[in-house]
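entry.pdb, holding PDB, C-alpha atoms:
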ATOM      1  CA  MET A   1     135.027  97.370 149.421  1.00  0.00           C
ATOM      2  CA  LEU A   2     138.242  96.977 151.395  1.00  0.00           C
ATOM      3  CA  VAL A   3     140.427  94.214 149.976  1.00  0.00           C
ATOM      4  CA  LEU A   4     143.287  92.808 152.076  1.00  0.00           C
ATOM      5  CA  SER A   5     145.887  90.135 151.326  1.00  0.00           C
ATOM      6  CA  ARG A   6     146.503  87.579 154.076  1.00  0.00           C
ATOM      7  CA  ARG A   7     148.527  84.386 154.393  1.00  0.00           C
ATOM      8  CA  THR A   8     147.529  81.155 156.078  1.00  0.00           C
ATOM      9  CA  GLY A   9     147.492  81.695 159.831  1.00  0.00           C
ATOM     10  CA  GLN A  10     147.119  85.470 159.547  1.00  0.00           C
ATOM     11  CA  LYS A  11     144.079  87.305 160.828  1.00  0.00           C
ATOM     12  CA  ILE A  12     142.023  90.426 160.417  1.00  0.00           C
ATOM     13  CA  VAL A  13     140.071  92.175 163.159  1.00  0.00           C
ATOM     14  CA  ILE A  14     136.670  93.824 162.666  1.00  0.00           C
ATOM     15  CA  GLY A  15     135.516  96.302 165.278  1.00  0.00           C
ATOM     16  CA  ASN A  16     136.452  95.491 168.827  1.00  0.00           C
ATOM     17  CA  GLY A  17     135.622  91.836 169.124  1.00  0.00           C
ATOM     18  CA  ILE A  18     135.571  90.013 165.804  1.00  0.00           C
ATOM     19  CA  GLU A  19     138.616  88.135 164.503  1.00  0.00           C
ATOM     20  CA  ILE A  20     138.804  86.234 161.228  1.00  0.00           C
ATOM     21  CA  GLU A  21     141.695  83.882 160.572  1.00  0.00           C
ATOM     22  CA  VAL A  22     142.677  82.232 157.308  1.00  0.00           C
ATOM     23  CA  VAL A  23     142.958  78.635 158.516  1.00  0.00           C
ATOM     24  CA  SER A  24     143.879  77.043 155.207  1.00  0.00           C
ATOM     25  CA  VAL A  25     143.767  77.594 151.472  1.00  0.00           C
ATOM     26  CA  ASN A  26     143.181  74.750 149.058  1.00  0.00           C
ATOM     27  CA  GLY A  27     142.822  75.709 145.404  1.00  0.00           C
ATOM     28  CA  GLU A  28     139.715  77.915 145.167  1.00  0.00           C
ATOM     29  CA  GLY A  29     138.564  77.032 148.681  1.00  0.00           C
ATOM     30  CA  VAL A  30     139.452  79.007 151.781  1.00  0.00           C
ATOM     31  CA  ARG A  31     138.768  77.868 155.348  1.00  0.00           C
ATOM     32  CA  LEU A  32     138.130  80.735 157.721  1.00  0.00           C
ATOM     33  CA  GLY A  33     138.073  80.684 161.498  1.00  0.00           C
ATOM     34  CA  ILE A  34     135.865  83.307 163.099  1.00  0.00           C
ATOM     35  CA  SER A  35     135.893  84.451 166.722  1.00  0.00           C
ATOM     36  CA  ALA A  36     133.058  86.785 167.644  1.00  0.00           C
ATOM     37  CA  PRO A  37     130.947  87.683 170.682  1.00  0.00           C
ATOM     38  CA  ALA A  38     128.132  85.198 171.331  1.00  0.00           C
ATOM     39  CA  GLU A  39     125.449  87.736 170.391  1.00  0.00           C
ATOM     40  CA  THR A  40     126.906  88.196 166.902  1.00  0.00           C
ATOM     41  CA  SER A  41     125.205  85.902 164.430  1.00  0.00           C
ATOM     42  CA  ILE A  42     127.322  84.443 161.644  1.00  0.00           C
ATOM     43  CA  HIS A  43     125.816  82.871 158.549  1.00  0.00           C
ATOM     44  CA  ARG A  44     126.960  81.696 155.169  1.00  0.00           C
ATOM     45  CA  TYR A  45     125.804  84.396 152.777  1.00  0.00           C
ATOM     46  CA  GLU A  46     123.660  82.022 150.666  1.00  0.00           C
ATOM     47  CA  VAL A  47     121.707  80.877 153.731  1.00  0.00           C
ATOM     48  CA  PHE A  48     121.295  84.425 155.006  1.00  0.00           C
ATOM     49  CA  SER A  49     120.016  85.745 151.688  1.00  0.00           C
ATOM     50  CA  GLU A  50     117.612  82.825 151.310  1.00  0.00           C
ATOM     51  CA  ILE A  51     116.018  83.601 154.680  1.00  0.00           C
ATOM     52  CA  GLN A  52     116.052  87.306 153.964  1.00  0.00           C
ATOM     53  CA  ALA A  53     114.113  86.665 150.751  1.00  0.00           C
ATOM     54  CA  ALA A  54     111.739  84.298 152.572  1.00  0.00           C
ATOM     55  CA  ASN A  55     111.066  86.892 155.286  1.00  0.00           C
ATOM     56  CA  ARG A  56     110.408  89.619 152.772  1.00  0.00           C
ATOM     57  CA  ALA A  57     108.066  87.384 150.782  1.00  0.00           C
ATOM     58  CA  ALA A  58     106.161  86.464 153.946  1.00  0.00           C
ATOM     59  CA  ASN A  59     105.607  90.079 154.964  1.00  0.00           C
ATOM     60  CA  VAL A  60     101.854  90.484 154.654  1.00  0.00           C
ATOM     61  CA  ASP A  61     100.706  93.511 152.725  1.00  0.00           C
ATOM     62  CA  ASP A  62      97.380  92.587 151.184  1.00  0.00           C
ATOM     63  CA  GLY A  63      94.546  92.040 153.631  1.00  0.00           C
ATOM     64  CA  GLN A  64      92.148  90.680 151.024  1.00  0.00           C
ATOM     65  CA  VAL A  65      94.387  87.890 149.727  1.00  0.00           C
ATOM     66  CA  GLU A  66      95.414  87.035 153.248  1.00  0.00           C
ATOM     67  CA  GLN A  67      91.929  86.345 154.609  1.00  0.00           C
ATOM     68  CA  MET A  68      90.945  84.050 151.740  1.00  0.00           C
ATOM     69  CA  ALA A  69      94.290  82.310 151.779  1.00  0.00           C
ATOM     70  CA  LEU A  70      94.038  81.679 155.517  1.00  0.00           C
ATOM     71  CA  GLU A  71      90.558  80.210 155.101  1.00  0.00           C
ATOM     72  CA  ASN A  72      91.884  77.848 152.437  1.00  0.00           C
ATOM     73  CA  VAL A  73      94.773  76.749 154.631  1.00  0.00           C
ATOM     74  CA  LEU A  74      92.512  76.207 157.633  1.00  0.00           C
ATOM     75  CA  ALA A  75      90.075  74.136 155.565  1.00  0.00           C
ATOM     76  CA  HIS A  76      93.032  71.902 154.750  1.00  0.00           C
ATOM     77  CA  ILE A  77      94.614  71.601 158.200  1.00  0.00           C
ATOM     78  CA  ARG A  78      91.606  71.707 160.546  1.00  0.00           C
ATOM     79  CA  PRO A  79      90.715  68.023 160.162  1.00  0.00           C
ATOM     80  CA  ARG A  80      94.156  67.191 161.588  1.00  0.00           C
ATOM     81  CA  GLN A  81      93.697  69.114 164.781  1.00  0.00           C
ATOM     82  CA  LYS A  82      92.375  67.634 167.983  1.00  0.00           C
TER      83      LYS A  82
ATOM     84  CA  MET B   1      96.760  98.937 177.138  1.00  0.00           C
ATOM     85  CA  GLN B   2      97.784 100.037 173.657  1.00  0.00           C
ATOM     86  CA  THR B   3      95.916  99.463 170.433  1.00  0.00           C
ATOM     87  CA  ILE B   4      97.131  98.524 166.992  1.00  0.00           C
ATOM     88  CA  THR B   5      94.998  98.380 163.856  1.00  0.00           C
ATOM     89  CA  ILE B   6      95.333  95.667 161.226  1.00  0.00           C
ATOM     90  CA  ASN B   7      92.907  95.448 158.306  1.00  0.00           C
ATOM     91  CA  GLN B   8      90.570  97.908 160.032  1.00  0.00           C
ATOM     92  CA  LYS B   9      90.458  95.671 163.104  1.00  0.00           C
ATOM     93  CA  GLU B  10      91.732  96.898 166.457  1.00  0.00           C
ATOM     94  CA  TYR B  11      93.883  94.719 168.651  1.00  0.00           C
ATOM     95  CA  LEU B  12      94.852  95.400 172.256  1.00  0.00           C
ATOM     96  CA  TYR B  13      98.206  94.666 173.835  1.00  0.00           C
ATOM     97  CA  GLY B  14      99.978  95.505 177.071  1.00  0.00           C
ATOM     98  CA  HIS B  15     103.497  96.851 177.547  1.00  0.00           C
ATOM     99  CA  ASP B  16     104.499  93.557 179.148  1.00  0.00           C
ATOM    100  CA  GLU B  17     103.668  91.756 175.901  1.00  0.00           C
ATOM    101  CA  VAL B  18     106.177  93.656 173.772  1.00  0.00           C
ATOM    102  CA  ILE B  19     108.835  91.318 172.371  1.00  0.00           C
ATOM    103  CA  SER B  20     112.376  92.653 171.869  1.00  0.00           C
ATOM    104  CA  PHE B  21     114.419  91.452 168.929  1.00  0.00           C
ATOM    105  CA  ALA B  22     117.936  92.775 169.562  1.00  0.00           C
ATOM    106  CA  GLU B  23     118.988  92.011 165.984  1.00  0.00           C
ATOM    107  CA  GLY B  24     115.577  92.335 164.344  1.00  0.00           C
ATOM    108  CA  LEU B  25     114.566  89.531 162.024  1.00  0.00           C
ATOM    109  CA  ILE B  26     116.966  88.276 159.366  1.00  0.00           C
ATOM    110  CA  GLY B  27     117.032  90.864 156.606  1.00  0.00           C
ATOM    111  CA  LEU B  28     114.780  93.123 158.697  1.00  0.00           C
ATOM    112  CA  PRO B  29     117.188  94.595 161.268  1.00  0.00           C
ATOM    113  CA  GLU B  30     114.809  97.483 161.966  1.00  0.00           C
ATOM    114  CA  MET B  31     112.171  95.177 163.464  1.00  0.00           C
ATOM    115  CA  ARG B  32     113.316  95.534 167.077  1.00  0.00           C
ATOM    116  CA  ARG B  33     109.975  95.568 168.874  1.00  0.00           C
ATOM    117  CA  ALA B  34     106.937  93.521 168.013  1.00  0.00           C
ATOM    118  CA  VAL B  35     103.789  92.040 169.505  1.00  0.00           C
ATOM    119  CA  LEU B  36     102.115  88.698 169.045  1.00  0.00           C
ATOM    120  CA  LEU B  37      98.371  89.040 168.535  1.00  0.00           C
ATOM    121  CA  GLU B  38      95.682  86.357 168.568  1.00  0.00           C
ATOM    122  CA  MET B  39      93.847  85.948 165.261  1.00  0.00           C
ATOM    123  CA  ASN B  40      90.659  84.710 166.828  1.00  0.00           C
ATOM    124  CA  ASP B  41      88.915  83.563 163.662  1.00  0.00           C
ATOM    125  CA  PHE B  42      92.030  81.924 162.300  1.00  0.00           C
ATOM    126  CA  GLU B  43      93.401  79.956 165.228  1.00  0.00           C
ATOM    127  CA  PRO B  44      96.151  78.615 165.460  1.00  0.00           C
ATOM    128  CA  PHE B  45      97.596  81.432 163.343  1.00  0.00           C
ATOM    129  CA  ARG B  46      98.731  84.655 164.986  1.00  0.00           C
ATOM    130  CA  TRP B  47     100.041  88.028 163.931  1.00  0.00           C
ATOM    131  CA  LEU B  48     103.584  89.088 164.658  1.00  0.00           C
ATOM    132  CA  VAL B  49     103.450  92.838 164.098  1.00  0.00           C
ATOM    133  CA  SER B  50     106.329  95.295 164.167  1.00  0.00           C
ATOM    134  CA  LEU B  51     105.744  98.232 166.514  1.00  0.00           C
ATOM    135  CA  GLU B  52     108.091 100.376 164.417  1.00  0.00           C
ATOM    136  CA  ASN B  53     105.994  99.899 161.304  1.00  0.00           C
ATOM    137  CA  GLU B  54     102.532  98.316 161.374  1.00  0.00           C
ATOM    138  CA  ASN B  55     102.919  97.386 157.714  1.00  0.00           C
ATOM    139  CA  THR B  56     105.687  94.981 158.664  1.00  0.00           C
ATOM    140  CA  ARG B  57     103.739  92.003 159.905  1.00  0.00           C
ATOM    141  CA  PHE B  58     103.837  88.268 159.612  1.00  0.00           C
ATOM    142  CA  ILE B  59     101.479  85.393 160.098  1.00  0.00           C
ATOM    143  CA  VAL B  60     103.108  82.921 162.471  1.00  0.00           C
ATOM    144  CA  VAL B  61     102.170  79.559 163.917  1.00  0.00           C
ATOM    145  CA  GLU B  62     103.614  77.134 166.438  1.00  0.00           C
ATOM    146  CA  PRO B  63     104.993  74.391 164.177  1.00  0.00           C
ATOM    147  CA  GLU B  64     103.620  71.621 166.402  1.00  0.00           C
ATOM    148  CA  GLN B  65     100.106  72.819 165.570  1.00  0.00           C
ATOM    149  CA  ILE B  66     100.509  71.831 161.932  1.00  0.00           C
ATOM    150  CA  PHE B  67     103.432  69.429 161.723  1.00  0.00           C
ATOM    151  CA  THR B  68     102.449  66.720 164.156  1.00  0.00           C
ATOM    152  CA  GLY B  69     105.930  65.185 164.292  1.00  0.00           C
ATOM    153  CA  TYR B  70     107.761  68.476 164.798  1.00  0.00           C
ATOM    154  CA  GLU B  71     110.387  67.985 167.458  1.00  0.00           C
ATOM    155  CA  ARG B  72     111.973  71.308 168.168  1.00  0.00           C
ATOM    156  CA  PHE B  73     114.463  69.999 170.692  1.00  0.00           C
ATOM    157  CA  GLU B  74     115.866  67.519 168.216  1.00  0.00           C
ATOM    158  CA  LYS B  75     116.259  70.305 165.716  1.00  0.00           C
ATOM    159  CA  GLY B  76     118.788  72.245 167.704  1.00  0.00           C
ATOM    160  CA  ILE B  77     116.722  74.553 169.854  1.00  0.00           C
ATOM    161  CA  THR B  78     117.887  74.433 173.450  1.00  0.00           C
ATOM    162  CA  ALA B  79     115.388  72.722 175.683  1.00  0.00           C
ATOM    163  CA  SER B  80     113.667  75.168 178.001  1.00  0.00           C
ATOM    164  CA  GLU B  81     110.175  75.318 179.422  1.00  0.00           C
ATOM    165  CA  ASN B  82     109.930  78.999 178.689  1.00  0.00           C
ATOM    166  CA  LEU B  83     110.814  79.037 175.014  1.00  0.00           C
ATOM    167  CA  GLN B  84     108.081  79.597 172.513  1.00  0.00           C
ATOM    168  CA  THR B  85     108.842  78.555 168.933  1.00  0.00           C
ATOM    169  CA  LEU B  86     107.031  80.208 166.048  1.00  0.00           C
ATOM    170  CA  ALA B  87     107.366  79.662 162.325  1.00  0.00           C
ATOM    171  CA  ILE B  88     106.664  82.318 159.710  1.00  0.00           C
ATOM    172  CA  VAL B  89     103.925  81.470 157.214  1.00  0.00           C
ATOM    173  CA  ASN B  90     104.273  82.560 153.608  1.00  0.00           C
ATOM    174  CA  LEU B  91     100.676  82.633 152.411  1.00  0.00           C
ATOM    175  CA  SER B  92      99.591  82.008 148.871  1.00  0.00           C
ATOM    176  CA  SER B  93      96.069  82.251 147.490  1.00  0.00           C
ATOM    177  CA  GLU B  94      96.366  78.517 146.769  1.00  0.00           C
ATOM    178  CA  TRP B  95      96.887  76.508 149.937  1.00  0.00           C
ATOM    179  CA  GLN B  96      99.168  74.075 148.093  1.00  0.00           C
ATOM    180  CA  LYS B  97     101.592  76.939 147.529  1.00  0.00           C
ATOM    181  CA  THR B  98     101.465  78.210 151.103  1.00  0.00           C
ATOM    182  CA  THR B  99     104.729  77.461 152.860  1.00  0.00           C
ATOM    183  CA  ILE B 100     106.041  77.593 156.417  1.00  0.00           C
ATOM    184  CA  ASN B 101     109.616  78.437 157.334  1.00  0.00           C
ATOM    185  CA  LEU B 102     110.607  75.613 159.681  1.00  0.00           C
ATOM    186  CA  ARG B 103     114.320  76.102 159.088  1.00  0.00           C
ATOM    187  CA  ALA B 104     114.568  79.617 160.496  1.00  0.00           C
ATOM    188  CA  PRO B 105     112.038  79.780 163.342  1.00  0.00           C
ATOM    189  CA  ILE B 106     111.491  82.650 165.724  1.00  0.00           C
ATOM    190  CA  VAL B 107     112.259  81.743 169.318  1.00  0.00           C
ATOM    191  CA  ILE B 108     110.916  83.847 172.175  1.00  0.00           C
ATOM    192  CA  ASN B 109     111.705  83.590 175.857  1.00  0.00           C
ATOM    193  CA  ALA B 110     108.222  83.796 177.350  1.00  0.00           C
ATOM    194  CA  GLU B 111     109.522  85.280 180.614  1.00  0.00           C
ATOM    195  CA  THR B 112     111.901  87.978 179.372  1.00  0.00           C
ATOM    196  CA  LYS B 113     110.096  88.558 176.037  1.00  0.00           C
ATOM    197  CA  ILE B 114     113.424  88.500 174.241  1.00  0.00           C
ATOM    198  CA  GLY B 115     113.226  86.951 170.805  1.00  0.00           C
ATOM    199  CA  ALA B 116     115.440  86.047 167.882  1.00  0.00           C
ATOM    200  CA  GLN B 117     115.138  84.398 164.517  1.00  0.00           C
ATOM    201  CA  ILE B 118     117.542  81.485 164.473  1.00  0.00           C
ATOM    202  CA  ILE B 119     118.803  79.261 161.676  1.00  0.00           C
ATOM    203  CA  LEU B 120     118.794  75.539 162.328  1.00  0.00           C
ATOM    204  CA  SER B 121     121.976  74.523 160.553  1.00  0.00           C
ATOM    205  CA  GLU B 122     121.589  70.793 161.226  1.00  0.00           C
ATOM    206  CA  SER B 123     118.016  70.365 160.112  1.00  0.00           C
ATOM    207  CA  ASP B 124     116.136  68.516 157.397  1.00  0.00           C
ATOM    208  CA  TYR B 125     113.394  71.127 157.519  1.00  0.00           C
ATOM    209  CA  GLN B 126     113.115  73.658 154.729  1.00  0.00           C
ATOM    210  CA  PHE B 127     112.835  77.431 154.542  1.00  0.00           C
ATOM    211  CA  ALA B 128     109.667  76.877 152.540  1.00  0.00           C
ATOM    212  CA  GLU B 129     108.053  73.706 153.845  1.00  0.00           C
ATOM    213  CA  THR B 130     104.696  72.999 152.203  1.00  0.00           C
ATOM    214  CA  LEU B 131     101.718  72.006 154.316  1.00  0.00           C
ATOM    215  CA  PRO B 132     101.606  68.315 155.168  1.00  0.00           C
ATOM    216  CA  GLU B 133      99.356  66.022 153.163  1.00  0.00           C
ATOM    217  CA  ILE B 134      96.332  64.727 155.012  1.00  0.00           C
TER     218      ILE B 134
END

Serialized structure, structure tokens:
Amino acid sequence: MLVLSRRTGQKIVIGNGIEIEVVSVNGEGVRLGISAPAETSIHRYEVFSEIQAANRAANVDDGQVEQMALENVLAHIRPRQK
Amino acid sequence: MQTITINQKEYLYGHDEVISFAEGLIGLPEMRRAVLLEMNDFEPFRWLVSLENENTRFIVVEPEQIFTGYERFEKGITASENLQTLAIVNLSSEWQKTTINLRAPIVINAETKIGAQIILSESDYQFAETLPEI
């Protein structure tokens, strides 16, 4: 991992279009300002890894479990539907 | 038409139905092309199947079909007639433990077939929302 030292107001550049600025430092907290192209998604790591884990868990790999489970879910939700 | 086989069952799809995910799904960057297939016996659930790897597949549902009060526009998704919103279902053998990811839905432009998984940062919905009580 590349480790750089920066002061408040200084920036780093990643690739051709991503800039990260240290906006302020307060004790253990750091505020970062990020400029990136609109198509680049930016997430807090905790949120990203939570969704990553959720996606991986939802990836269906067992056809047997899936059919029975779907029947159970439908038995529960069908009365709600018009 | 192309065919794809899931659980020994063949499904048909056309080239114009292929959805492009420029960034893949979150944590699954390799899932760039996928199709949405009707699960006839299990309506309103559908398959979202990767065309790169048939073993990468999800059960998805339009949240409105299950969560009657689901208001996607209030939850940060830009209002557009052509946007289809789908939530990934995480099945469990017990229905009480089955959850739906309402916080990070998949949004697809029905016209261009371009899709993305987005994170609703200002939302009370959960990554693992349990099914509503009757």

Identify all chain B residues at most 9 Å from chain A by counting all atoms listed in the file; ligands do not count. Present them as a VMD selection string. chain B and resid 6 to 7 23 25 to 28 42 to 45 55 to 59 65 to 66 68 88 to 96 98 101 103 to 104 118 to 119 127 to 128 131 to 134

Run the PyMOL selection byres ((chain A and resi 12) around 12) on the file and write out the hits as a VMD selection string. chain A and resid 2 to 11 13 to 23 32 to 35

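Note that the spacing between atom CA of Ala110 of chain B and atom CA of Gln8 of chain B amounts to 28.5 Å.
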
Starting from the displayed file, determine the output of the PyMOL selection byres ((chain B and resi 116) around 12) and express the residue list as a PyMOL selection string. (chain A and resi 39-41) or (chain B and resi 19-26+28-29+31-34+77+83-87+104-109+113-115+117-119)

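Separating atom CA of Leu102 of chain B from atom CA of Asn40 of chain B is a distance of 23.1 Å.
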
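A straight line drawn from atom CA of Pro37 of chain A to atom CA of Leu120 of chain B is 19.1 Å long.
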
Expand the PyMOL selection byres ((chain B and resi 17) around 9) into the explicit residue set it covers here, and present it as an MDAnalysis selection string. chainID B and resid 13:16 18:19 34:36 113

Padding 8 Å on every side, please: axis-aligned box over the listed atoms of segment 23-31 of chain A, centre and edge lengths to one decimal in Å, as JSON.
{"center_x": 141.2, "center_y": 76.9, "center_z": 151.8, "size_x": 21.3, "size_y": 20.3, "size_z": 29.3}
